[in-house]
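Shown below: data_31.pdb, with PDB, C-alpha atoms and all ligand atoms.
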```pdb
ATOM      1  CA  MET A 233     -75.057  20.414  10.096  1.00  0.00           C
ATOM      2  CA  LYS A 234     -77.827  21.355  12.536  1.00  0.00           C
ATOM      3  CA  SER A 235     -79.523  18.745  14.669  1.00  0.00           C
ATOM      4  CA  ILE A 236     -82.667  18.228  16.717  1.00  0.00           C
ATOM      5  CA  THR A 237     -82.494  17.410  20.419  1.00  0.00           C
ATOM      6  CA  ILE A 238     -85.080  14.993  21.833  1.00  0.00           C
ATOM      7  CA  LYS A 239     -86.258  15.551  25.420  1.00  0.00           C
ATOM      8  CA  ASN A 240     -85.093  12.877  27.873  1.00  0.00           C
ATOM      9  CA  SER A 241     -82.935  11.266  25.193  1.00  0.00           C
ATOM     10  CA  LEU A 242     -79.333  11.384  24.038  1.00  0.00           C
ATOM     11  CA  LYS A 243     -80.520  10.886  20.476  1.00  0.00           C
ATOM     12  CA  LYS A 244     -79.761  13.721  18.022  1.00  0.00           C
ATOM     13  CA  ILE A 245     -81.541  13.870  14.672  1.00  0.00           C
ATOM     14  CA  PRO A 246     -80.004  15.805  11.741  1.00  0.00           C
ATOM     15  CA  VAL A 247     -82.320  18.562  10.474  1.00  0.00           C
ATOM     16  CA  GLY A 248     -83.652  18.098   6.958  1.00  0.00           C
ATOM     17  CA  LYS A 249     -85.646  20.840   5.315  1.00  0.00           C
ATOM     18  CA  ILE A 250     -87.797  23.379   7.119  1.00  0.00           C
ATOM     19  CA  VAL A 251     -91.256  23.873   5.676  1.00  0.00           C
ATOM     20  CA  CYS A 252     -93.331  26.739   7.067  1.00  0.00           C
ATOM     21  CA  VAL A 253     -97.045  27.514   6.913  1.00  0.00           C
ATOM     22  CA  GLY A 254     -98.159  31.136   6.692  1.00  0.00           C
ATOM     23  CA  ARG A 255    -101.549  32.609   7.685  1.00  0.00           C
ATOM     24  CA  ASN A 256    -102.742  29.581   9.672  1.00  0.00           C
ATOM     25  CA  TYR A 257    -104.605  31.577  12.339  1.00  0.00           C
ATOM     26  CA  ALA A 258    -107.455  33.755  11.063  1.00  0.00           C
ATOM     27  CA  GLU A 259    -106.829  36.666  13.449  1.00  0.00           C
ATOM     28  CA  HIS A 260    -103.137  36.785  12.478  1.00  0.00           C
ATOM     29  CA  ALA A 261    -103.987  36.806   8.741  1.00  0.00           C
ATOM     30  CA  ARG A 262    -106.342  39.722   9.464  1.00  0.00           C
ATOM     31  CA  GLU A 263    -103.823  41.701  11.552  1.00  0.00           C
ATOM     32  CA  LEU A 264    -101.483  41.761   8.522  1.00  0.00           C
ATOM     33  CA  GLY A 265    -104.336  42.599   6.124  1.00  0.00           C
ATOM     34  CA  ASN A 266    -104.241  39.184   4.410  1.00  0.00           C
ATOM     35  CA  GLU A 267    -107.153  37.029   3.277  1.00  0.00           C
ATOM     36  CA  ILE A 268    -107.924  33.714   4.991  1.00  0.00           C
ATOM     37  CA  PRO A 269    -106.306  31.130   2.677  1.00  0.00           C
ATOM     38  CA  GLU A 270    -108.226  28.198   1.139  1.00  0.00           C
ATOM     39  CA  LYS A 271    -105.069  26.053   1.161  1.00  0.00           C
ATOM     40  CA  PRO A 272    -102.029  26.363   3.468  1.00  0.00           C
ATOM     41  CA  VAL A 273     -99.546  29.043   2.346  1.00  0.00           C
ATOM     42  CA  ILE A 274     -96.159  27.302   2.168  1.00  0.00           C
ATOM     43  CA  PHE A 275     -92.580  28.586   2.190  1.00  0.00           C
ATOM     44  CA  LEU A 276     -89.143  27.180   3.086  1.00  0.00           C
ATOM     45  CA  LYS A 277     -86.296  28.163   5.382  1.00  0.00           C
ATOM     46  CA  PRO A 278     -82.764  26.760   5.039  1.00  0.00           C
ATOM     47  CA  SER A 279     -81.603  24.460   7.854  1.00  0.00           C
ATOM     48  CA  SER A 280     -78.650  26.852   8.334  1.00  0.00           C
ATOM     49  CA  ALA A 281     -81.156  29.330   9.848  1.00  0.00           C
ATOM     50  CA  ILE A 282     -81.627  27.152  12.934  1.00  0.00           C
ATOM     51  CA  ILE A 283     -80.546  28.176  16.432  1.00  0.00           C
ATOM     52  CA  TYR A 284     -81.533  26.827  19.840  1.00  0.00           C
ATOM     53  CA  SER A 285     -82.902  28.132  23.119  1.00  0.00           C
ATOM     54  CA  GLY A 286     -80.235  30.255  24.799  1.00  0.00           C
ATOM     55  CA  ASP A 287     -78.625  31.279  21.491  1.00  0.00           C
ATOM     56  CA  LYS A 288     -78.723  34.836  20.172  1.00  0.00           C
ATOM     57  CA  ILE A 289     -80.988  36.092  17.390  1.00  0.00           C
ATOM     58  CA  ILE A 290     -78.852  38.331  15.188  1.00  0.00           C
ATOM     59  CA  HIS A 291     -80.816  41.295  13.801  1.00  0.00           C
ATOM     60  CA  PRO A 292     -79.840  41.755  10.125  1.00  0.00           C
ATOM     61  CA  PRO A 293     -78.759  45.333   9.298  1.00  0.00           C
ATOM     62  CA  TYR A 294     -81.026  45.496   6.208  1.00  0.00           C
ATOM     63  CA  SER A 295     -84.262  45.537   8.214  1.00  0.00           C
ATOM     64  CA  ASN A 296     -85.888  47.968  10.645  1.00  0.00           C
ATOM     65  CA  ASP A 297     -88.832  45.759  11.509  1.00  0.00           C
ATOM     66  CA  MET A 298     -87.958  42.267  12.705  1.00  0.00           C
ATOM     67  CA  HIS A 299     -91.013  40.433  14.109  1.00  0.00           C
ATOM     68  CA  HIS A 300     -91.399  37.403  16.373  1.00  0.00           C
ATOM     69  CA  GLU A 301     -93.764  34.594  15.330  1.00  0.00           C
ATOM     70  CA  VAL A 302     -94.217  31.766  17.849  1.00  0.00           C
ATOM     71  CA  GLU A 303     -95.285  28.441  16.322  1.00  0.00           C
ATOM     72  CA  LEU A 304     -95.924  24.767  17.005  1.00  0.00           C
ATOM     73  CA  VAL A 305     -93.180  22.834  15.177  1.00  0.00           C
ATOM     74  CA  LEU A 306     -93.724  19.262  13.937  1.00  0.00           C
ATOM     75  CA  LEU A 307     -90.876  16.777  13.630  1.00  0.00           C
ATOM     76  CA  ILE A 308     -91.279  14.324  10.749  1.00  0.00           C
ATOM     77  CA  GLY A 309     -90.147  10.777  11.509  1.00  0.00           C
ATOM     78  CA  LYS A 310     -90.510   8.906   8.232  1.00  0.00           C
ATOM     79  CA  THR A 311     -90.520   9.361   4.467  1.00  0.00           C
ATOM     80  CA  ILE A 312     -93.959  10.164   3.047  1.00  0.00           C
ATOM     81  CA  LYS A 313     -95.307  11.279  -0.313  1.00  0.00           C
ATOM     82  CA  ASN A 314     -98.945  11.933  -1.257  1.00  0.00           C
ATOM     83  CA  ALA A 315    -100.031  10.821   2.219  1.00  0.00           C
ATOM     84  CA  ASP A 316    -103.635  10.837   3.402  1.00  0.00           C
ATOM     85  CA  THR A 317    -104.286  12.404   6.817  1.00  0.00           C
ATOM     86  CA  ASP A 318    -103.947   9.067   8.680  1.00  0.00           C
ATOM     87  CA  ARG A 319    -100.513   8.366   7.192  1.00  0.00           C
ATOM     88  CA  ALA A 320     -99.585  12.017   7.691  1.00  0.00           C
ATOM     89  CA  GLU A 321    -100.469  11.752  11.387  1.00  0.00           C
ATOM     90  CA  GLU A 322     -98.339   8.593  11.673  1.00  0.00           C
ATOM     91  CA  ALA A 323     -95.380  10.405  10.114  1.00  0.00           C
ATOM     92  CA  ILE A 324     -95.370  13.070  12.857  1.00  0.00           C
ATOM     93  CA  GLU A 325     -92.782  11.878  15.365  1.00  0.00           C
ATOM     94  CA  GLY A 326     -92.690  14.748  17.838  1.00  0.00           C
ATOM     95  CA  TYR A 327     -93.473  18.324  18.772  1.00  0.00           C
ATOM     96  CA  GLY A 328     -91.586  21.436  19.739  1.00  0.00           C
ATOM     97  CA  VAL A 329     -92.040  25.178  19.908  1.00  0.00           C
ATOM     98  CA  GLY A 330     -90.235  27.513  17.529  1.00  0.00           C
ATOM     99  CA  LEU A 331     -89.801  31.095  16.413  1.00  0.00           C
ATOM    100  CA  ASP A 332     -90.231  32.042  12.761  1.00  0.00           C
ATOM    101  CA  MET A 333     -88.332  35.331  12.913  1.00  0.00           C
ATOM    102  CA  THR A 334     -89.481  37.566  10.081  1.00  0.00           C
ATOM    103  CA  LEU A 335     -88.237  40.821   8.536  1.00  0.00           C
ATOM    104  CA  ARG A 336     -91.683  42.369   8.048  1.00  0.00           C
ATOM    105  CA  ASP A 337     -90.500  45.465   6.152  1.00  0.00           C
ATOM    106  CA  VAL A 338     -88.454  43.328   3.744  1.00  0.00           C
ATOM    107  CA  GLN A 339     -91.356  40.860   3.362  1.00  0.00           C
ATOM    108  CA  SER A 340     -93.794  43.705   2.541  1.00  0.00           C
ATOM    109  CA  GLU A 341     -91.499  44.949  -0.240  1.00  0.00           C
ATOM    110  CA  LEU A 342     -91.111  41.404  -1.621  1.00  0.00           C
ATOM    111  CA  LYS A 343     -94.895  40.854  -1.529  1.00  0.00           C
ATOM    112  CA  LYS A 344     -95.482  44.086  -3.473  1.00  0.00           C
ATOM    113  CA  LYS A 345     -93.083  42.937  -6.194  1.00  0.00           C
ATOM    114  CA  GLY A 346     -94.451  39.380  -6.232  1.00  0.00           C
ATOM    115  CA  HIS A 347     -91.039  38.049  -5.201  1.00  0.00           C
ATOM    116  CA  PRO A 348     -90.359  35.026  -2.955  1.00  0.00           C
ATOM    117  CA  TRP A 349     -90.115  35.706   0.806  1.00  0.00           C
ATOM    118  CA  THR A 350     -86.703  34.038   1.178  1.00  0.00           C
ATOM    119  CA  ILE A 351     -84.735  37.156   2.145  1.00  0.00           C
ATOM    120  CA  ALA A 352     -87.323  38.051   4.816  1.00  0.00           C
ATOM    121  CA  LYS A 353     -87.565  34.531   6.252  1.00  0.00           C
ATOM    122  CA  GLY A 354     -84.333  32.611   5.646  1.00  0.00           C
ATOM    123  CA  PHE A 355     -81.594  34.673   7.270  1.00  0.00           C
ATOM    124  CA  ASP A 356     -79.216  33.151   9.833  1.00  0.00           C
ATOM    125  CA  THR A 357     -80.862  32.705  13.287  1.00  0.00           C
ATOM    126  CA  SER A 358     -84.389  33.115  11.805  1.00  0.00           C
ATOM    127  CA  ALA A 359     -85.512  29.633  12.930  1.00  0.00           C
ATOM    128  CA  VAL A 360     -85.335  29.093  16.686  1.00  0.00           C
ATOM    129  CA  ILE A 361     -86.263  25.624  17.969  1.00  0.00           C
ATOM    130  CA  SER A 362     -86.778  24.080  21.389  1.00  0.00           C
ATOM    131  CA  ASP A 363     -86.037  20.498  22.326  1.00  0.00           C
ATOM    132  CA  PHE A 364     -88.657  18.128  20.912  1.00  0.00           C
ATOM    133  CA  ILE A 365     -90.938  15.752  22.782  1.00  0.00           C
ATOM    134  CA  LEU A 366     -91.759  12.475  21.050  1.00  0.00           C
ATOM    135  CA  LYS A 367     -95.367  11.688  20.296  1.00  0.00           C
ATOM    136  CA  LYS A 368     -95.033   8.419  22.193  1.00  0.00           C
ATOM    137  CA  ASP A 369     -94.287  10.499  25.334  1.00  0.00           C
ATOM    138  CA  TYR A 370     -96.901  13.211  24.778  1.00  0.00           C
ATOM    139  CA  LYS A 371    -100.272  13.239  23.045  1.00  0.00           C
ATOM    140  CA  LEU A 372    -101.070  16.609  21.475  1.00  0.00           C
ATOM    141  CA  THR A 373    -104.727  17.588  22.018  1.00  0.00           C
ATOM    142  CA  LEU A 374    -104.629  21.052  20.394  1.00  0.00           C
ATOM    143  CA  ASN A 375    -105.977  22.407  23.710  1.00  0.00           C
ATOM    144  CA  GLU A 376    -102.410  23.448  24.510  1.00  0.00           C
ATOM    145  CA  GLU A 377    -101.696  27.134  24.892  1.00  0.00           C
ATOM    146  CA  ILE A 378     -98.920  28.688  22.816  1.00  0.00           C
ATOM    147  CA  SER A 379     -97.502  31.970  24.097  1.00  0.00           C
ATOM    148  CA  LEU A 380     -94.648  34.414  23.693  1.00  0.00           C
ATOM    149  CA  SER A 381     -93.398  37.314  25.774  1.00  0.00           C
ATOM    150  CA  VAL A 382     -90.898  40.086  25.061  1.00  0.00           C
ATOM    151  CA  ASN A 383     -89.044  41.387  28.137  1.00  0.00           C
ATOM    152  CA  GLY A 384     -91.664  39.696  30.320  1.00  0.00           C
ATOM    153  CA  ILE A 385     -94.672  41.263  28.567  1.00  0.00           C
ATOM    154  CA  THR A 386     -97.039  38.782  26.893  1.00  0.00           C
ATOM    155  CA  LYS A 387     -97.471  39.494  23.172  1.00  0.00           C
ATOM    156  CA  GLN A 388     -98.927  36.271  21.776  1.00  0.00           C
ATOM    157  CA  LYS A 389    -101.183  33.808  23.590  1.00  0.00           C
ATOM    158  CA  ASP A 390    -103.655  31.456  21.958  1.00  0.00           C
ATOM    159  CA  LEU A 391    -104.848  27.877  21.856  1.00  0.00           C
ATOM    160  CA  LEU A 392    -103.534  25.589  19.132  1.00  0.00           C
ATOM    161  CA  ASN A 393    -107.106  24.691  18.195  1.00  0.00           C
ATOM    162  CA  LYS A 394    -107.409  28.119  16.557  1.00  0.00           C
ATOM    163  CA  MET A 395    -105.234  26.817  13.722  1.00  0.00           C
ATOM    164  CA  ILE A 396    -107.135  26.864  10.414  1.00  0.00           C
ATOM    165  CA  PHE A 397    -105.250  23.807   9.080  1.00  0.00           C
ATOM    166  CA  LYS A 398    -104.454  21.141  11.707  1.00  0.00           C
ATOM    167  CA  PRO A 399    -101.195  19.131  11.795  1.00  0.00           C
ATOM    168  CA  PRO A 400    -102.299  16.016   9.808  1.00  0.00           C
ATOM    169  CA  HIS A 401    -103.849  18.194   7.097  1.00  0.00           C
ATOM    170  CA  ILE A 402    -100.745  20.364   6.870  1.00  0.00           C
ATOM    171  CA  VAL A 403     -98.454  17.327   6.607  1.00  0.00           C
ATOM    172  CA  ALA A 404    -100.714  15.600   4.056  1.00  0.00           C
ATOM    173  CA  TYR A 405    -100.881  18.749   1.938  1.00  0.00           C
ATOM    174  CA  ILE A 406     -97.114  19.358   1.996  1.00  0.00           C
ATOM    175  CA  SER A 407     -96.524  15.693   1.120  1.00  0.00           C
ATOM    176  CA  SER A 408     -98.610  16.234  -2.018  1.00  0.00           C
ATOM    177  CA  LEU A 409     -96.101  18.894  -3.087  1.00  0.00           C
ATOM    178  CA  MET A 410     -92.765  17.436  -1.950  1.00  0.00           C
ATOM    179  CA  THR A 411     -91.514  14.270  -0.265  1.00  0.00           C
ATOM    180  CA  LEU A 412     -91.185  14.659   3.498  1.00  0.00           C
ATOM    181  CA  GLU A 413     -88.343  12.808   5.204  1.00  0.00           C
ATOM    182  CA  LYS A 414     -87.125  11.977   8.695  1.00  0.00           C
ATOM    183  CA  GLY A 415     -85.669  15.097  10.321  1.00  0.00           C
ATOM    184  CA  ASP A 416     -87.790  17.571   8.362  1.00  0.00           C
ATOM    185  CA  LEU A 417     -89.399  20.290  10.481  1.00  0.00           C
ATOM    186  CA  ILE A 418     -92.742  21.945   9.849  1.00  0.00           C
ATOM    187  CA  PHE A 419     -93.510  25.356  11.351  1.00  0.00           C
ATOM    188  CA  THR A 420     -97.312  25.471  11.523  1.00  0.00           C
ATOM    189  CA  GLY A 421     -98.032  29.226  11.591  1.00  0.00           C
ATOM    190  CA  THR A 422     -98.358  31.905  14.233  1.00  0.00           C
ATOM    191  CA  PRO A 423    -101.331  33.278  16.186  1.00  0.00           C
ATOM    192  CA  LYS A 424    -102.145  36.995  16.420  1.00  0.00           C
ATOM    193  CA  GLY A 425     -99.935  39.437  18.296  1.00  0.00           C
ATOM    194  CA  VAL A 426     -96.749  39.528  16.210  1.00  0.00           C
ATOM    195  CA  SER A 427     -94.663  42.610  16.956  1.00  0.00           C
ATOM    196  CA  LYS A 428     -91.299  44.263  16.432  1.00  0.00           C
ATOM    197  CA  VAL A 429     -88.231  43.313  18.449  1.00  0.00           C
ATOM    198  CA  VAL A 430     -84.968  45.229  18.713  1.00  0.00           C
ATOM    199  CA  PRO A 431     -81.451  44.365  19.905  1.00  0.00           C
ATOM    200  CA  GLY A 432     -81.456  43.803  23.673  1.00  0.00           C
ATOM    201  CA  ASP A 433     -84.957  42.300  23.785  1.00  0.00           C
ATOM    202  CA  LEU A 434     -85.438  38.950  25.512  1.00  0.00           C
ATOM    203  CA  ILE A 435     -87.974  36.649  23.843  1.00  0.00           C
ATOM    204  CA  ALA A 436     -89.489  33.763  25.799  1.00  0.00           C
ATOM    205  CA  ALA A 437     -91.840  31.259  24.174  1.00  0.00           C
ATOM    206  CA  LYS A 438     -93.831  28.372  25.587  1.00  0.00           C
ATOM    207  CA  LEU A 439     -96.113  25.601  24.435  1.00  0.00           C
ATOM    208  CA  THR A 440     -97.782  24.190  27.548  1.00  0.00           C
ATOM    209  CA  GLY A 441     -96.876  20.564  28.215  1.00  0.00           C
ATOM    210  CA  VAL A 442     -94.521  20.473  25.230  1.00  0.00           C
ATOM    211  CA  ALA A 443     -91.559  22.839  25.373  1.00  0.00           C
ATOM    212  CA  LYS A 444     -90.220  26.312  25.992  1.00  0.00           C
ATOM    213  CA  LEU A 445     -87.337  28.451  24.801  1.00  0.00           C
ATOM    214  CA  ASN A 446     -85.782  31.846  25.291  1.00  0.00           C
ATOM    215  CA  CYS A 447     -83.442  33.943  23.164  1.00  0.00           C
ATOM    216  CA  ARG A 448     -82.002  37.432  23.251  1.00  0.00           C
ATOM    217  CA  VAL A 449     -81.939  39.659  20.165  1.00  0.00           C
ATOM    218  CA  VAL A 450     -78.540  41.249  19.417  1.00  0.00           C
TER     219      VAL A 450
HETATM  220 MG    MG A 501     -94.691  32.125  10.551  1.00  0.00          MG
END
```
Reformat the file's structure so that it appears as structure tokens.
Amino acid sequence: MKSITIKNSLKKIPVGKIVCVGRNYAEHARELGNEIPEKPVIFLKPSSAIIYSGDKIIHPPYSNDMHHEVELVLLIGKTIKNADTDRAEEAIEGYGVGLDMTLRDVQSELKKKGHPWTIAKGFDTSAVISDFILKKDYKLTLNEEISLSVNGITKQKDLLNKMIFKPPHIVAYISSLMTLEKGDLIFTGTPKGVSKVVPGDLIAAKLTGVAKLNCRVV
């Protein structure tokens, strides 16, 4: 069972499900040749995919194009279903930064066939998470900068306010599709600049004021 670590706390929260949003930054949708979505694009990762800062990202042998995607991650703190945006906002308990590691070549093949993205998105070590900061200790303004470097070279750097769908809207929308519960994590999409990583690369990610992480690819 994987768990979530809270900053400045001994409390550990068991991870529920991981819900991810795709194409939530216009320039990232464009860089992959995708249309800007009218509703959030949603997919799931298994909780077994989670690793933590300092752990190793294991490159699966069935891909030649593993990409990094740095994302704001929301921690859900209470059960909600069919929430409006006010109740959705209340259900967000904390924030972290995460990596949605993606096998782009596998995903492209799956997209062509109209198949689910699970194989490209749900492999072991594909969901890296930082420690989380509770909302009561930090107020997210969306003026925070999210960034990622590979071997010290910046690849992704953007402000959270470039998100097409903002956190309360994402949470409200997902809660219209499935019940959200305490310990669920929501990956909110990645800005432009995704690129290939190979074994040996060191990935460092940061969300200013919130959290950071680093992981080596093996
Ligand atoms: Mg993503």
Please identify all protein, DNA and RNA residues within 6 Å of ligand MG 501 (chain A), counting all atoms listed in the file, and report them as a PyMOL selection string.
chain A and resi 254+301+332+421-422
Can you check which parts of region 334-392 of chain A lie within 12 Å of region 424-436 of chain A? Per residue, the shortest pair of atoms and distance in Å to one decimal, counting only C-alpha atoms, sorted by chain and number, as CSV.
```
residue,atom,partner,partner_atom,distance
A:Thr334,CA,A:Lys428,CA,9.4
A:Leu335,CA,A:Lys428,CA,9.1
A:Arg336,CA,A:Lys428,CA,8.6
A:Asp337,CA,A:Lys428,CA,10.4
A:Val360,CA,A:Ile435,CA,10.7
A:Ile361,CA,A:Ala436,CA,11.7
A:Ser362,CA,A:Ala436,CA,11.0
A:Ile378,CA,A:Lys424,CA,11.0
A:Ser379,CA,A:Ala436,CA,8.4
A:Leu380,CA,A:Ala436,CA,5.6
A:Ser381,CA,A:Ala436,CA,5.3
A:Val382,CA,A:Ile435,CA,4.7
A:Asn383,CA,A:Leu434,CA,5.1
A:Gly384,CA,A:Ala436,CA,7.8
A:Ile385,CA,A:Ile435,CA,9.4
A:Thr386,CA,A:Gly425,CA,9.1
A:Lys387,CA,A:Gly425,CA,5.5
A:Gln388,CA,A:Gly425,CA,4.8
A:Lys389,CA,A:Gly425,CA,7.8
A:Asp390,CA,A:Lys424,CA,8.0
A:Leu391,CA,A:Lys424,CA,11.0
A:Leu392,CA,A:Lys424,CA,11.8
```
Which residue is closest to Asn240 (chain A)? Choose from A:Ala258, A:Ile268, A:Met333, A:Leu366 and count only C-alpha atoms.
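So, comparing all the options, the nearest one is A:Leu366.
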Padding of 3 Å on every side, edges along x, y and z, all listed atoms of region 264-269 of chain A included: what centre and edge lengths in Å, to one decimal, does that box have, as AutoDock Vina command-line options?
```
--center_x -104.7 --center_y 36.9 --center_z 5.6 --size_x 12.4 --size_y 17.5 --size_z 11.8
```
Find the residues near region 352-354 of chain A: any atom within 9 Å, counting only C-alpha atoms, skip ones fewer than 2 places away on the same chain, and give them as an MDAnalysis selection string.
chainID A and resid 275:281 295 298 332:340 342 348:350 356:359
Ref. answer, residues at most 7 Å from (-89.6, 15.9, 17.0) with only C-alpha atoms, as a list in words:
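Nearby residues: Ile238, Leu306, Leu307, Ile308, Glu325, Gly326, Tyr327, Gly328, Phe364, Ile365 and Leu366 of chain A.
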When the PyMOL selection byres (((chain A and resi 394) around 10) and not hetatm) is applied to the file above, which residues end up in the set, as a compact mmCIF listing (two decimals) with C-alpha atoms, in the frame of the given file?
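That gives us out-v5.txt:
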```txt
# COMPACT_ATOMS: atom_id res chain seq x y z
CA ASN A 256 -102.74 29.58 9.67
CA TYR A 257 -104.60 31.58 12.34
CA ALA A 258 -107.46 33.76 11.06
CA GLU A 259 -106.83 36.67 13.45
CA LEU A 374 -104.63 21.05 20.39
CA ASN A 375 -105.98 22.41 23.71
CA ASP A 390 -103.66 31.46 21.96
CA LEU A 391 -104.85 27.88 21.86
CA LEU A 392 -103.53 25.59 19.13
CA ASN A 393 -107.11 24.69 18.20
CA MET A 395 -105.23 26.82 13.72
CA ILE A 396 -107.14 26.86 10.41
CA PHE A 397 -105.25 23.81 9.08
CA LYS A 398 -104.45 21.14 11.71
CA PRO A 423 -101.33 33.28 16.19
```
Å distance separating CA of Leu439 (chain A) from CA of Glu376 (chain A), one decimal place
6.7 Å
What is the distance, in Å and to one decimal place, between CA of Lys271 (chain A) and CA of Lys345 (chain A)?
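It comes out at 22.0 Å.
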When you count only C-alpha atoms, which of these residues is closest to Ala320 (chain A): A:Pro400, A:Pro269, A:Pro293, A:Gly286?
A:Pro400
Report, in Å with one decimal, the straight-line distance from CA of Glu377 (chain A) to CA of Val253 (chain A).
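Taking CA of Glu377 (chain A) and CA of Val253 (chain A), their separation equals 18.6 Å.
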